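One file, query_2.cif, carrying mmCIF, C-alpha atoms:
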```cif
data_final
loop_
_atom_site.label_atom_id
_atom_site.label_comp_id
_atom_site.auth_asym_id
_atom_site.auth_seq_id
_atom_site.Cartn_x
_atom_site.Cartn_y
_atom_site.Cartn_z
CA MET A 705 87.25 48.76 141.59
CA GLU A 706 86.83 52.31 140.43
CA GLN A 707 85.99 52.76 136.78
CA GLU A 708 88.26 55.10 134.87
CA PRO A 709 86.46 58.17 133.47
CA GLU A 710 85.81 58.13 129.75
CA PRO A 711 88.03 60.45 127.71
CA PRO A 712 86.29 63.66 126.57
CA LEU A 713 84.82 63.73 123.10
CA PRO A 714 87.01 65.48 120.50
CA LEU A 715 86.20 69.07 119.57
CA ASN A 716 87.27 68.51 115.96
CA LEU A 717 88.08 65.73 113.54
CA CYS A 718 90.46 65.74 110.56
CA HIS A 719 89.75 63.34 107.69
CA ALA A 720 92.34 62.85 104.91
CA ASN A 721 90.83 62.25 101.46
CA LYS A 722 93.17 59.53 100.16
CA SER A 723 91.55 59.03 96.75
CA GLN A 724 91.65 62.76 96.01
CA ALA A 725 95.27 62.87 97.19
CA ILE A 726 96.23 60.13 94.74
CA ILE A 727 94.54 61.95 91.85
CA ASN A 728 96.21 65.24 92.79
CA ARG A 729 99.65 63.64 93.03
CA VAL A 730 99.34 61.87 89.68
CA GLN A 731 98.27 65.14 88.06
CA ALA A 732 101.16 66.96 89.76
CA PHE A 733 103.65 64.37 88.51
CA ILE A 734 102.40 64.67 84.91
CA THR A 735 102.51 68.47 85.08
CA LEU A 736 105.98 68.40 86.63
CA LEU A 737 107.21 66.15 83.84
CA ALA A 738 105.82 68.53 81.22
CA LEU A 739 107.46 71.49 82.94
CA ALA A 740 110.80 69.66 83.04
CA PHE A 741 110.68 69.13 79.27
CA LEU A 742 109.69 72.77 78.75
CA ILE A 743 112.57 74.07 80.89
CA TYR A 744 115.00 71.73 79.11
CA TYR A 745 113.78 73.08 75.77
CA ARG A 746 114.12 76.72 76.88
CA ALA A 747 117.50 76.21 78.54
CA GLY A 748 118.89 74.59 75.39
CA PHE A 749 118.92 78.02 73.78
CA PHE A 750 121.86 79.08 75.97
CA PHE A 751 124.10 76.14 74.98
CA PRO A 752 126.09 75.91 71.73
CA LYS A 753 123.59 75.90 68.88
CA GLU A 754 125.33 73.13 66.94
CA ILE A 755 124.89 70.80 69.94
CA THR A 756 121.25 71.56 70.75
CA ASN A 757 119.23 72.96 67.86
CA PRO A 758 120.60 74.88 64.84
CA ASN A 759 117.30 76.78 64.55
CA TYR A 760 118.11 78.63 67.80
CA ALA A 761 120.57 80.82 65.91
CA ASN A 762 117.74 82.78 64.23
CA ILE A 763 115.88 83.57 67.48
CA PRO A 764 116.55 86.93 69.25
CA LEU A 765 117.86 86.65 72.78
CA LEU A 766 115.73 89.15 74.72
CA PRO A 767 112.20 87.81 73.89
CA TRP A 768 113.36 84.25 74.53
CA LEU A 769 114.89 85.24 77.89
CA LEU A 770 111.76 87.11 79.01
CA ILE A 771 109.51 84.16 78.13
CA PHE A 772 111.85 81.76 79.90
CA LEU A 773 111.87 83.88 83.07
CA ALA A 774 108.08 84.17 83.01
CA GLU A 775 107.72 80.39 82.66
CA LEU A 776 110.15 79.82 85.54
CA LEU A 777 108.17 82.20 87.74
CA LEU A 778 104.83 80.57 86.91
CA SER A 779 106.35 77.13 87.47
CA PHE A 780 107.55 78.23 90.92
CA ILE A 781 104.07 79.57 91.79
CA TRP A 782 102.51 76.30 90.63
CA LEU A 783 104.98 74.35 92.75
CA LEU A 784 104.03 76.33 95.86
CA SER A 785 100.32 75.69 95.24
CA GLN A 786 100.84 71.92 95.35
CA ALA A 787 101.24 72.03 99.13
CA LEU A 788 97.48 72.54 99.43
CA ARG A 789 96.67 69.68 97.06
CA TRP A 790 99.23 67.12 98.21
CA ARG A 791 97.19 65.96 101.19
CA PRO A 792 93.64 67.38 101.06
CA VAL A 793 91.77 67.11 104.34
CA THR A 794 88.26 67.78 105.59
CA ARG A 795 87.83 69.18 109.08
CA THR A 796 84.69 68.76 111.17
CA VAL A 797 84.04 70.78 114.31
CA PHE A 798 81.63 70.18 117.20
CA PRO A 799 80.81 73.54 118.84
CA GLU A 800 78.17 71.85 121.01
CA ARG A 801 81.00 70.08 122.87
CA LEU A 802 82.66 73.32 123.94
CA PRO A 803 82.63 74.32 127.62
CA LYS A 804 79.72 76.35 128.94
CA ASP A 805 79.53 80.02 127.99
CA GLU A 806 80.92 81.22 131.31
CA LYS A 807 84.05 79.11 130.74
CA LEU A 808 84.72 80.24 127.17
CA PRO A 809 87.67 82.62 126.67
CA ALA A 810 87.12 86.21 125.61
CA ILE A 811 87.57 87.32 122.00
CA ASP A 812 88.62 90.70 120.61
CA VAL A 813 87.42 91.42 117.07
CA PHE A 814 89.61 93.83 115.07
CA VAL A 815 88.18 95.72 112.07
CA CYS A 816 90.42 98.16 110.19
CA THR A 817 89.42 100.99 107.85
CA ALA A 818 91.40 103.92 106.48
CA ASP A 819 89.53 106.03 103.94
CA PRO A 820 85.73 106.51 103.96
CA SER A 821 85.83 107.72 100.35
CA LYS A 822 87.29 104.36 99.20
CA GLU A 823 85.76 102.13 101.87
CA PRO A 824 82.11 103.21 102.18
CA THR A 825 81.10 103.80 105.78
CA ILE A 826 77.89 101.81 105.43
CA ASN A 827 79.88 98.71 104.42
CA VAL A 828 82.22 99.13 107.39
CA MET A 829 79.27 99.48 109.76
CA ASN A 830 77.69 96.31 108.37
CA THR A 831 80.92 94.48 109.18
CA VAL A 832 80.94 95.88 112.71
CA ILE A 833 77.29 94.97 113.30
CA SER A 834 77.78 91.43 112.00
CA ALA A 835 80.74 91.03 114.38
CA MET A 836 78.67 92.27 117.31
CA ALA A 837 75.89 89.81 116.42
CA MET A 838 78.06 86.69 116.45
CA ASP A 839 76.84 83.71 118.46
CA TYR A 840 79.18 84.20 121.41
CA PRO A 841 78.67 85.37 124.99
CA VAL A 842 78.24 89.14 124.82
CA ASP A 843 80.28 89.72 127.96
CA LYS A 844 83.23 87.99 126.27
CA LEU A 845 82.91 89.61 122.83
CA ASN A 846 84.69 92.90 122.21
CA VAL A 847 84.69 94.73 118.86
CA TYR A 848 87.35 97.32 117.99
CA LEU A 849 87.23 99.54 114.92
CA SER A 850 90.51 101.13 113.83
CA ASP A 851 89.94 104.28 111.78
CA ASP A 852 93.24 105.35 110.24
CA GLY A 853 91.54 108.26 108.53
CA GLY A 854 90.33 109.78 111.80
CA ALA A 855 87.11 110.71 109.99
CA SER A 856 84.15 112.07 111.93
CA VAL A 857 81.81 110.30 109.49
CA THR A 858 83.22 106.95 110.63
CA LEU A 859 82.87 107.79 114.33
CA ASN A 860 79.29 109.00 113.85
CA GLY A 861 78.55 105.95 111.71
CA LEU A 862 79.81 103.71 114.52
CA LYS A 863 77.44 105.40 116.97
CA GLU A 864 74.60 104.89 114.51
CA ALA A 865 75.62 101.24 114.18
CA TRP A 866 75.51 100.80 117.95
CA MET A 867 71.97 102.21 118.02
CA PHE A 868 70.79 99.92 115.22
CA ALA A 869 72.47 96.93 116.90
CA LYS A 870 70.07 97.48 119.83
CA PHE A 871 67.35 96.33 117.42
CA TRP A 872 69.38 93.88 115.33
CA LEU A 873 70.91 91.67 118.03
CA PRO A 874 67.63 90.73 119.78
CA PHE A 875 66.05 89.96 116.40
CA CYS A 876 68.95 87.66 115.45
CA ASN A 877 68.84 85.86 118.79
CA LYS A 878 65.07 85.52 118.80
CA TYR A 879 64.73 84.03 115.32
CA GLY A 880 68.13 82.37 114.92
CA VAL A 881 69.19 84.52 111.97
CA LYS A 882 72.04 82.86 110.12
CA THR A 883 73.18 85.86 108.07
CA ARG A 884 74.17 88.41 110.70
CA CYS A 885 75.16 91.11 108.19
CA PRO A 886 72.07 93.39 107.81
CA GLU A 887 72.84 94.43 104.24
CA ALA A 888 73.23 90.80 103.14
CA TYR A 889 70.15 89.73 105.09
CA PHE A 890 67.86 92.34 103.54
CA SER A 891 69.32 92.04 100.05
CA GLN A 892 67.08 89.98 97.80
CA ASP A 893 69.86 89.37 95.28
CA HIS A 894 72.34 88.02 97.81
CA GLU A 895 72.72 84.25 97.75
CA VAL A 896 73.04 82.92 101.28
CA PRO A 897 74.05 79.24 101.61
CA GLY A 898 71.66 77.38 103.87
CA GLY A 899 68.98 80.07 103.95
CA MET A 900 68.44 83.19 106.05
CA LEU A 901 67.28 81.46 109.26
CA MET A 902 68.70 78.53 111.18
CA VAL A 903 65.29 77.62 112.61
CA LYS A 904 61.75 78.12 111.32
CA PRO A 905 59.78 80.76 113.30
CA SER A 906 56.95 79.38 115.42
CA ASN A 907 54.79 82.38 114.54
CA ASP A 908 55.16 83.49 110.91
CA GLN A 909 52.95 86.53 111.38
CA GLU A 910 54.95 87.83 114.34
CA PHE A 911 58.19 87.20 112.47
CA ALA A 912 56.95 89.09 109.40
CA GLN A 913 55.90 92.05 111.54
CA ASP A 914 59.20 92.16 113.44
CA ARG A 915 61.13 91.88 110.19
CA ARG A 916 59.13 94.72 108.67
CA ILE A 917 59.86 96.99 111.63
CA LEU A 918 63.53 96.03 111.57
CA LYS A 919 63.76 96.69 107.82
CA HIS A 920 62.35 100.18 108.41
CA ASN A 921 64.91 100.80 111.14
CA TYR A 922 67.73 99.58 108.92
CA ASP A 923 66.65 101.78 106.02
CA SER A 924 66.60 104.79 108.37
CA PHE A 925 70.03 103.87 109.74
CA LYS A 926 71.43 103.40 106.24
CA GLU A 927 69.97 106.69 105.03
CA ARG A 928 71.55 108.64 107.91
CA VAL A 929 74.98 107.07 107.31
CA LEU A 930 74.83 107.64 103.54
CA ARG A 931 73.67 111.24 104.01
CA ALA A 932 76.61 111.93 106.30
CA SER A 933 78.99 110.34 103.79
CA GLU A 934 77.65 112.47 100.95
CA THR A 935 78.15 115.72 102.90
CA MET A 936 81.70 114.81 103.90
CA ASP A 937 84.41 117.23 102.78
CA VAL A 938 86.70 114.84 100.88
CA GLU A 939 89.66 117.19 100.49
CA ASN A 940 89.80 118.22 104.15
CA ALA A 941 89.28 114.60 105.18
CA LYS A 942 92.33 113.52 103.15
CA VAL A 943 94.50 116.17 104.81
CA ALA A 944 93.24 115.29 108.30
CA SER A 945 93.74 111.56 107.71
CA ASN A 946 97.52 112.04 107.69
CA ASP A 947 97.76 114.56 110.51
CA HIS A 948 95.63 114.01 113.62
CA ALA A 949 95.99 113.13 117.28
CA ALA A 950 95.14 109.77 118.83
CA PHE A 951 91.55 109.24 119.91
CA VAL A 952 89.88 106.29 121.66
CA GLN A 953 86.21 106.12 122.63
CA VAL A 954 84.02 103.36 124.03
CA ILE A 955 80.69 103.52 122.21
CA ASP A 956 77.61 103.10 124.41
CA GLY A 957 74.33 104.79 125.18
CA SER A 958 76.00 107.68 126.99
CA ASN A 959 77.54 109.09 123.79
CA CYS A 960 74.81 108.14 121.30
CA LYS A 961 71.79 110.27 120.49
CA TYR A 962 68.77 107.99 120.50
CA ASP A 963 65.38 107.53 122.08
CA PRO A 964 66.00 105.26 125.10
CA ALA A 965 62.36 104.14 125.19
CA VAL A 966 62.45 102.92 121.61
CA ALA A 967 65.76 101.14 122.02
CA GLU A 968 64.63 99.52 125.28
CA ALA A 969 61.46 98.29 123.60
CA ALA A 970 63.58 96.67 120.91
CA ALA A 971 66.36 95.23 123.05
CA GLY A 972 64.83 94.87 126.49
CA ASP A 973 67.52 94.32 129.08
CA GLY A 974 69.78 92.51 126.65
CA GLU A 975 73.49 93.20 126.97
CA MET A 976 75.63 94.56 124.17
CA PRO A 977 79.19 93.57 123.26
CA LEU A 978 81.88 96.11 124.00
CA LEU A 979 82.35 98.47 121.03
CA VAL A 980 85.46 100.67 120.86
CA TYR A 981 86.51 103.30 118.30
CA VAL A 982 90.29 103.72 117.88
CA SER A 983 92.05 106.34 115.77
CA ARG A 984 95.82 106.27 116.23
CA GLU A 985 98.02 109.34 116.00
CA LYS A 986 99.31 110.10 112.51
CA ARG A 987 101.83 112.75 111.47
CA PRO A 988 103.27 113.43 108.00
CA SER A 989 106.81 113.01 109.35
CA ARG A 990 106.19 109.54 110.80
CA HIS A 991 105.84 106.21 109.01
CA THR A 992 102.70 104.46 110.27
CA HIS A 993 103.23 101.09 108.51
CA PHE A 994 99.68 101.02 107.11
CA LYS A 995 97.40 98.19 108.30
CA ALA A 996 100.15 96.40 110.21
CA GLY A 997 100.68 99.53 112.28
CA ALA A 998 96.95 99.88 112.88
CA LEU A 999 96.73 96.29 114.15
CA ASN A 1000 99.71 96.90 116.41
CA VAL A 1001 97.91 99.87 117.98
CA LEU A 1002 94.73 97.80 118.39
CA LEU A 1003 96.74 95.19 120.26
CA ARG A 1004 97.96 97.84 122.70
CA VAL A 1005 94.57 99.46 123.18
CA SER A 1006 92.71 96.16 123.60
CA ALA A 1007 95.33 95.00 126.12
CA MET A 1008 94.40 97.99 128.30
CA ILE A 1009 90.62 97.53 127.97
CA SER A 1010 89.59 93.90 127.48
CA ASN A 1011 92.87 91.98 127.07
CA ALA A 1012 91.22 88.95 125.44
CA GLN A 1013 93.22 85.79 124.85
CA TYR A 1014 92.09 85.40 121.25
CA ILE A 1015 91.75 87.85 118.37
CA LEU A 1016 89.54 87.71 115.28
CA VAL A 1017 90.68 89.99 112.43
CA LEU A 1018 88.17 91.05 109.78
CA ASP A 1019 88.54 93.27 106.74
CA CYS A 1020 86.22 96.25 106.73
CA ASP A 1021 84.06 94.75 103.95
CA MET A 1022 83.75 91.21 105.35
CA PHE A 1023 81.15 89.34 107.36
CA CYS A 1024 80.93 85.84 108.81
CA ASN A 1025 78.41 83.77 106.85
CA ASP A 1026 77.97 81.57 109.94
CA PRO A 1027 77.31 83.22 113.34
CA SER A 1028 79.05 80.33 115.09
CA SER A 1029 82.40 81.07 113.38
CA ALA A 1030 84.03 82.11 116.66
CA ARG A 1031 82.84 78.94 118.36
CA GLN A 1032 84.12 76.86 115.45
CA ALA A 1033 87.55 78.46 115.79
CA MET A 1034 87.50 77.69 119.52
CA CYS A 1035 87.09 74.00 118.64
CA PHE A 1036 90.71 74.13 117.46
CA HIS A 1037 92.18 76.58 119.96
CA LEU A 1038 90.74 74.71 122.95
CA ASP A 1039 91.78 71.28 121.69
CA PRO A 1040 94.59 70.20 124.06
CA ASN A 1041 96.10 67.95 121.39
CA ILE A 1042 96.86 70.75 118.92
CA SER A 1043 96.50 74.05 120.81
CA SER A 1044 100.17 74.15 121.83
CA SER A 1045 101.31 74.08 118.19
CA LEU A 1046 98.43 76.11 116.70
CA ALA A 1047 99.11 79.69 115.61
CA PHE A 1048 95.85 80.73 113.93
CA VAL A 1049 92.66 79.44 112.33
CA GLN A 1050 91.81 80.83 108.89
CA PHE A 1051 88.36 80.71 107.32
CA PRO A 1052 87.90 80.58 103.54
CA GLN A 1053 86.81 83.84 101.95
CA ARG A 1054 84.04 84.22 99.42
CA PHE A 1055 83.49 87.41 97.40
CA TYR A 1056 79.84 88.46 97.29
CA ASN A 1057 80.26 91.80 95.45
CA GLY A 1058 82.21 90.69 92.39
CA SER A 1059 81.54 91.44 88.75
CA MET A 1060 78.20 90.37 87.33
CA SER A 1061 80.03 88.93 84.29
CA ASP A 1062 82.40 86.76 86.31
CA ILE A 1063 83.34 84.44 83.43
CA TYR A 1064 86.41 83.08 85.25
CA ASP A 1065 84.46 82.35 88.47
CA SER A 1066 86.67 84.55 90.63
CA ILE A 1067 83.95 84.42 93.30
CA LEU A 1068 84.50 80.62 93.39
CA ARG A 1069 80.77 79.85 93.53
CA THR A 1070 81.15 76.14 92.73
CA ALA A 1071 84.09 75.57 95.07
CA PHE A 1072 82.36 77.25 98.01
CA LYS A 1073 79.08 75.43 97.42
CA GLU A 1074 80.95 72.13 97.65
CA MET A 1075 82.90 73.34 100.70
CA LEU A 1076 79.80 74.51 102.56
CA ASN A 1077 77.95 71.27 101.81
CA HIS A 1078 80.59 69.20 103.63
#
```

As a first step, turn the structure in this file into structure tokens.
Amino acid sequence: MEQEPEPPLPLNLCHANKSQAIINRVQAFITLLALAFLIYYRAGFFFPKEITNPNYANIPLLPWLLIFLAELLLSFIWLLSQALRWRPVTRTVFPERLPKDEKLPAIDVFVCTADPSKEPTINVMNTVISAMAMDYPVDKLNVYLSDDGGASVTLNGLKEAWMFAKFWLPFCNKYGVKTRCPEAYFSQDHEVPGGMLMVKPSNDQEFAQDRRILKHNYDSFKERVLRASETMDVENAKVASNDHAAFVQVIDGSNCKYDPAVAEAAAGDGEMPLLVYVSREKRPSRHTHFKAGALNVLLRVSAMISNAQYILVLDCDMFCNDPSSARQAMCFHLDPNISSSLAFVQFPQRFYNGSMSDIYDSILRTAFKEMLNH
């Protein structure tokens, strides 16, 4: 008799936290009861005063109505938030169970920027470099930058970023760098969960020397980008941002000014992900629909160049704190049990450049520490 093949191991697991769900539901019931009494109290103002409360007669109508409407709005917002707490789950992924690299689907990464005076070019370039350095097959990783401002400083900055990536990508792959954003990696004040490296270097002295050289290259790259941003004509850039023709350029060594010998010494024969600059046409008489319009243009351009099956959208000031983020998302998209009903995978966002006096914990330090520990 032939033995039936064992079913493949799952790419992800979903665990429902029943005890936390019970606590959340009890708390929601108590809060809902309190809100019901509050609404009953507020609504009683609009009924005959002799039936409800004689003291209502001395209260002006407008302030009471405004407070009542505000409380109804906040109650509605609270009610919507209970969907996340009604059945809390913990998801575990197993990227090591994914198919081999040659069988993985291609991914297009979309990064959008609009105004270099409000969105510093160096921050945008750090986002682009971190996307290029993700742990994913380079021949299946394509990065597109949409520049709605059509600024030359952004295009030149992207070329500078491509040159620095020739140094950065081999360093990340050689030493298993976990934080693939150069600015975050070299920042001493930045708190990186889990440390800077995924594995300990076998030769500390060689690692220290390579890191020192890379830090020098990053400082030079950063200085050139910042110098170009400082000399930018802001007024002319604002006028041109609303009136310019479409422009698309694939960034590679043929349109970047660099020393090939130096770059080859840093990167060897290593491949680079596809990097494309896109600036859509903008005219004062046409509505461009802001970021949604920019993403729509990126969809059309990427369909003509790489036409990947999956798309990763990043804000221009974001970076993935885990280089395997794309592989983790594939653990859901390639799961045959849920892929047919799955629209998108969303990663939680943590703010690393918030106020130093963040007394309300808007950066959610505690919540993200707990999340990243599970």

Next item on the list: In Å, rounded to a single decimal, give me how far atom CA of A:Tyr922 is from atom CA of A:Ser834.
Entry: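 Atom CA of A:Ser834 sits 13.3 Å away from atom CA of A:Tyr922.
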
Note to self: Quick check on the file I pasted: which residues fall under the PyMOL selection byres ((chain A and resi 1012) around 6)? Write them as a list in words.
What the structure shows: Ala810, Ile811, Asp812, Ser1010, Asn1011, Gln1013 and Tyr1014 of chain A

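One distance worth recording is that between atom CA of A:Pro1027 and atom CA of A:Met836, which is 10.0 Å.
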
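Using all atoms listed in the file, the smallest distance between any of A:Val842, A:Ile734, A:Val980, A:Leu808 and A:Phe951 comes from A:Val980.
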
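For the pair atom CA of A:Phe780 and atom CA of A:Phe733, the interatomic distance is 14.6 Å.
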
Starting from the displayed file, determine the output of the PyMOL selection byres ((chain A and resi 877) around 12) and express the residue list as a PDB file with C-alpha atoms, keeping the file's coordinate frame.
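That gives us part-v1.pdb:
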```
ATOM      1  CA  MET A 836      78.670  92.270 117.310  1.00  0.00           C
ATOM      2  CA  ALA A 837      75.890  89.810 116.420  1.00  0.00           C
ATOM      3  CA  MET A 838      78.060  86.690 116.450  1.00  0.00           C
ATOM      4  CA  ASP A 839      76.840  83.710 118.460  1.00  0.00           C
ATOM      5  CA  TYR A 840      79.180  84.200 121.410  1.00  0.00           C
ATOM      6  CA  PRO A 841      78.670  85.370 124.990  1.00  0.00           C
ATOM      7  CA  VAL A 842      78.240  89.140 124.820  1.00  0.00           C
ATOM      8  CA  ALA A 869      72.470  96.930 116.900  1.00  0.00           C
ATOM      9  CA  LYS A 870      70.070  97.480 119.830  1.00  0.00           C
ATOM     10  CA  PHE A 871      67.350  96.330 117.420  1.00  0.00           C
ATOM     11  CA  TRP A 872      69.380  93.880 115.330  1.00  0.00           C
ATOM     12  CA  LEU A 873      70.910  91.670 118.030  1.00  0.00           C
ATOM     13  CA  PRO A 874      67.630  90.730 119.780  1.00  0.00           C
ATOM     14  CA  PHE A 875      66.050  89.960 116.400  1.00  0.00           C
ATOM     15  CA  CYS A 876      68.950  87.660 115.450  1.00  0.00           C
ATOM     16  CA  LYS A 878      65.070  85.520 118.800  1.00  0.00           C
ATOM     17  CA  TYR A 879      64.730  84.030 115.320  1.00  0.00           C
ATOM     18  CA  GLY A 880      68.130  82.370 114.920  1.00  0.00           C
ATOM     19  CA  VAL A 881      69.190  84.520 111.970  1.00  0.00           C
ATOM     20  CA  LYS A 882      72.040  82.860 110.120  1.00  0.00           C
ATOM     21  CA  THR A 883      73.180  85.860 108.070  1.00  0.00           C
ATOM     22  CA  ARG A 884      74.170  88.410 110.700  1.00  0.00           C
ATOM     23  CA  LEU A 901      67.280  81.460 109.260  1.00  0.00           C
ATOM     24  CA  MET A 902      68.700  78.530 111.180  1.00  0.00           C
ATOM     25  CA  VAL A 903      65.290  77.620 112.610  1.00  0.00           C
ATOM     26  CA  PRO A 905      59.780  80.760 113.300  1.00  0.00           C
ATOM     27  CA  ALA A 971      66.360  95.230 123.050  1.00  0.00           C
ATOM     28  CA  GLY A 974      69.780  92.510 126.650  1.00  0.00           C
ATOM     29  CA  GLU A 975      73.490  93.200 126.970  1.00  0.00           C
ATOM     30  CA  PRO A1027      77.310  83.220 113.340  1.00  0.00           C
TER      31      PRO A1027
END
```

Notebook entry, point to check: What lies within 12 Å of A:Lys919 using only C-alpha atoms, ignoring chain neighbours under 5 positions off, as a count of residues only?
Noted result: 16

Note to self: I'd like to see the residues matched by the PyMOL selection byres ((chain A and resi 978) around 9) on this file, and ideally I'd get them as a VMD selection string.
What the structure shows: chain A and resid 836 842 to 848 954 to 956 976 to 977 979 to 980 1010

Notebook entry, point to check: Nearest to A:Leu717 among A:Leu1018, A:Val857, A:Cys1035, A:Leu1046, with distances taken over all atoms listed in the file: which residue is it?
Noted result: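 That would be A:Cys1035, the residue with the smallest distance to A:Leu717.
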
Checklist line | Contacts of stretch 714-716 of chain A within 7 Å, only C-alpha atoms, excl. fewer than 2 positions in-chain, as number ranges by chain | finding: A: 712, 718, 795-798, 801, 1035-1036, 1039

Could you please give me, as a short mmCIF file (atom, residue, chain, number, x, y, z; two decimals) with C-alpha atoms, in the frame of the given file, the residues of protein, DNA or RNA lying at most 6 Å from (86.5, 106.3, 104.1) in the coordinate frame of the file, considering all atoms listed in the file?
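Below is the file that was written, result_7.cif:
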```cif
data_model
loop_
_atom_site.label_atom_id
_atom_site.label_comp_id
_atom_site.auth_asym_id
_atom_site.auth_seq_id
_atom_site.Cartn_x
_atom_site.Cartn_y
_atom_site.Cartn_z
CA ALA A 818 91.40 103.92 106.48
CA ASP A 819 89.53 106.03 103.94
CA PRO A 820 85.73 106.51 103.96
CA SER A 821 85.83 107.72 100.35
CA LYS A 822 87.29 104.36 99.20
CA GLU A 823 85.76 102.13 101.87
CA PRO A 824 82.11 103.21 102.18
#
```
